[in-house]
Structure formats: C-alpha cells, structure tokens
Amino acid sequence: MLSVCGARLARALRAGTPWWLRGSRGHSLALARTAGAPRTRDWRRSAGQGPRGRGLSLSAAEVVNAAPRPLQPYLRLMRLDKPIGTWLLYLPCTWSIGLAAEPGCFPDWYMLSLFGTGAVLMRGAGCTINDMWDRDYDKKVIRTANRPIAAGDISTFQSFVFLGGQLTLALGVLLCLNYYSIALGAASLLLVITYPLMKRITYWPQLALGLTFNWGALLGWSAIKGSCDPSVCLPLYFSGIMWTLMYDTIYAHQDKRDDALIGVKSTALLFCDNTKQWLSGFSVAMLGALSLVGVNIGQTAPYYAALAAVGAHLAHQIYSLDIHRPEDCWDKFASNRTVGLIVFLGIVLGNLCKEKKTDETNKNKDSMIEN
C-alpha cells in the first residue's frame with residue numbers, strides 16, 4: 001500500500017513542482033517559505049472571519065484577535081482561536097465523569113468545570129510542545145507556516161517559559177484531585193511530551209494521540225470514585241482511542257501532500273485510498289466499546305439511543321467525506337464535537353432514567369409487601 005502511494009507521489013514530483021505547492025506566480029510555496037518569502041493565506045478561512053458587514057462575533061478567533069497584540073501569539077500558540085482540539089480533549093473526561101455519577105443524579109459540575117480548565121491548559125501545553133518539536137517542519141507546510149514559533153513571533157526561550165507557566169497552572173488543577181488521580185494524571189505527561197515525535201518514526205502517530213487525548217476517560221472516573229474500574233474505564237478508553245484514530249486520520253488528510261514531501265508520517269498516508277474502510281472499522285469498534293460500557297454499568301434506553309444517533313452521524317461523515325478536499329476534511333473533523341456531545345447527553349439522560357427505574361422498583365416492592 002505504501003509503495004503504491006509513494007509511487008504516485010514520486011511521479012508527481014518528477015513531473016515538476018505540483019500545482020498545489022505553487023503560489024499565484026507559479027513559485028514553489030514550500031521553497032518560498034524556507035527562503036523567507038511572504039506567506040500566502042491558508043486555504044481555510046480563519047474561524048470567525050465572515051463576510052463584510054457582519055455584526056460583532058463572539059467566536060474564539062475574534063476574541064483572540066481582540067486581545068492585546070503582544071498577547072495574541074501566545075493565545076494562538078495555545079490554539080485558543082481554534083477550540084475544537086480543546087473540546088476533543090475535554091469530551092472523554094465528561095463521559096467518564098457522567099458515567100461515575102450516582103444513579104438519578106447529574107454529573108458533578110465542579111469536576112466538569114475543573115476538567116474543563118485542565119483541558120484548556122493541557123491542550124495549550126501540548127500544542128506548545130508540538131510546535132517546539134515541529135518548528136522546522138511547520139515552516140515547510142502551508143497550513144502550519146503561520147504558527148507563532150515557525151513564523152518567528154515567539155522565540156524558543158519564550159515558548160519554554162510559557163510552557164512552564166501552563167504546566168504549573170495545570171499542576172494546580174491536578175492537585176485538586178485525590179492522590180490516585182494525581183498520580184494517574186502525572187503519568188500522562190510522558191505521552192504529552194513524546195506524542196509529537198511519533199510522526200517521525202511511525203505511520204501511526206494518530207494512535208499515540210489517541211492514547212494521550214483520551215487519558216481523561218480514566219482520570220474522570222478516578223476523580224469521582226477514587227480509583228479506576230477496569231470494566232468501565234478500559235472499554236471507555238478504548239472507544240476514545242478508536243474515535244481519535246477516526247477523526248485525526250481525517251484531519252491528517254489536509255496535509256498529506258506536504259507530509260509526503262517533508263517525510264512526516266501519518267495514517268492518512270498509510271491508508272491512502274482505503275481510508276474509508278479503515279474509518280468504518282474504527283467507528284464500529286468505538287460503538288462496540290461504548291455499548292460494552294453501557295452493559296457493564298447498567299445504562300438505560302437514552303444512552304443506547306444516543307449511540308444510534310452517533311452511529312448515524314459517523315456513517316454520514318464517512319460516506320460524504322472527500323479526502324482530497326482539505327476544506328471538507330476540516331469540516332468533517334470539526335463535526336466530531338457534535339459526536340462527543342451526543343455521547344455525553346446520552347450518558348446524562350441514561351443515568352437520570354436509572355433513578356426512575358429504581359423508584360418504580362421500590363414501589364413494586366412496597367406494594368408486594370403490603371399485599
């Protein structure tokens with residue numbers, strides 16, 4: 001499979017500089033960037049940038065643009081202008097916290113807010129580490145060449161100091177949890193640091209991301225219960241990994257041409273034209289693992305209805321995906337926030353129905369005793 005994909009790219013390169021690497025004057029964009037030429041605009045319009053005459057926007061990108069100018073590069077380094085990554089890191093935490101709630105009760109709102117804060121900080125720290133490792137690669141990729149470190153807006157030393165600040169604040173959040181969760185959370189730091197290196201050595205960096213991004217599926221449960229229940233936490237963690245493999249493979253298709261030129265590996269390059277078959281397999285595995293979670297914890301009808309809705313959403317994603325259009329890949333990738341929210345809603349509603357069933361059971365028992 002890899003030899004076929006490589007042969008296609010090699011033929012394209014032998015034919016000259018591809019059209020997708022040429023600027024408006026026909027020069028190679030990849031070479032122009034390394035030579036310090038002005039950057040062209042990204043293919044995708046920044047979030048929140050709309051037509052002229054639109055009223056005040058409260059999008060994340062507009063909030064970042066409204067911040068003091070010296071602060072903006074640091075906010076972009078944290079990807080605060082693109083919050084989808086924070087959502088995808090946070091949502092597995094909400095699943096775990098929701099599943100750990102007592103029957104008939106809403107999830108612990110304090111824990112949800114605490115993990116939300118942690119998600120913002122750790123996603124920012126992860127992006128900072130990623131950009132520090134990839135600063136030379138980012139300069140050669142159209143979509144990432146304007147990242148603050150690659151563009152020279154922030155120096156390496158400044159990024160180190162900023163990273164230290166983020167990790168310090170994240171540690172403060174972690175110390176609000178029980179001792180078991182503190183140790184479990186600290187163990188994830190190795191994954192956070194090493195994930196960006198995986199794209200250099202394996203075609204499965206998306207798997208490394210899945211192991212990292214879904215750590216909250218373990219941590220959320222332990223924060224409520226004091227330890228992990230393998231019958232719930234392990235299939236939940238596995239389902240999150242399968243979900244990450246799906247959405248990040250779609251994401252990787254945006255950069256597959258640049259990645260092939262500069263030697264960066266990804267599942268997008270590995271799967272090539274067989275991507276949809278692999279995505280289908282990941283989706284089935286995700287839904288199967290979530291179903292097992294529901295069985296093991298005694299979930300109710302709303303939970304399984306939510307899984308059915310998620311299955312329909314994923315099927316539409318995969319069926320309508322055009323892996324050769326970066327814009328469509330981004331849209332499909334970003335739509336996975338909806339997937340995560342549907343799962344969370346199903347967990348909450350399913351848990352609330354447990355109390356109703358318990359009440360009905362108690363009434364039946366009481367009536368039987370009276371008779």
# chains A, B, ... in the order shown; residues from 1 in each chain; ligands from 1

$ residues_around --residues "region 191-202 of chain A" --least-positions-apart "4" --cutoff "12 Å" --atoms "only C-alpha atoms" --output "PyMOL selection string"
chain A and resi 122-135+137+163+167+185-187+206-215+252+259-260+262-270

$ closest_atom_pairs --of "region 141-256 of chain A" --to "region 310-316 of chain A" --cutoff "12 Å" --atoms "only C-alpha atoms" --output "CSV"
residue,atom,partner,partner_atom,distance
A:Trp243,CA,A:Leu314,CA,9.8
A:Met246,CA,A:Leu314,CA,9.4
A:Tyr247,CA,A:Leu314,CA,9.8

$ residues_around --residues "Leu89 (chain A)" --least-positions-apart "2" --cutoff "8 Å" --atoms "only C-alpha atoms" --output "JSON, numbers by chain"
{"A": [85, 86, 87, 91, 92, 93, 119, 123, 213, 214, 216]}

$ closest_atom_pairs --of "region 242-331 of chain A" --to "region 94-117 of chain A" --cutoff "10 Å" --atoms "only C-alpha atoms" --output "tab-separated table"
residue	atom	partner	partner_atom	distance
A:Val293	CA	A:Leu99	CA	9.1
A:Gly294	CA	A:Leu99	CA	9.0
A:Ile297	CA	A:Leu99	CA	7.9
A:Gly298	CA	A:Pro103	CA	9.9
A:Gln299	CA	A:Leu99	CA	8.9

$ atom_distance --atom1 "CA of Ile241 (chain A)" --atom2 "CA of Phe282 (chain A)"
8.9 Å
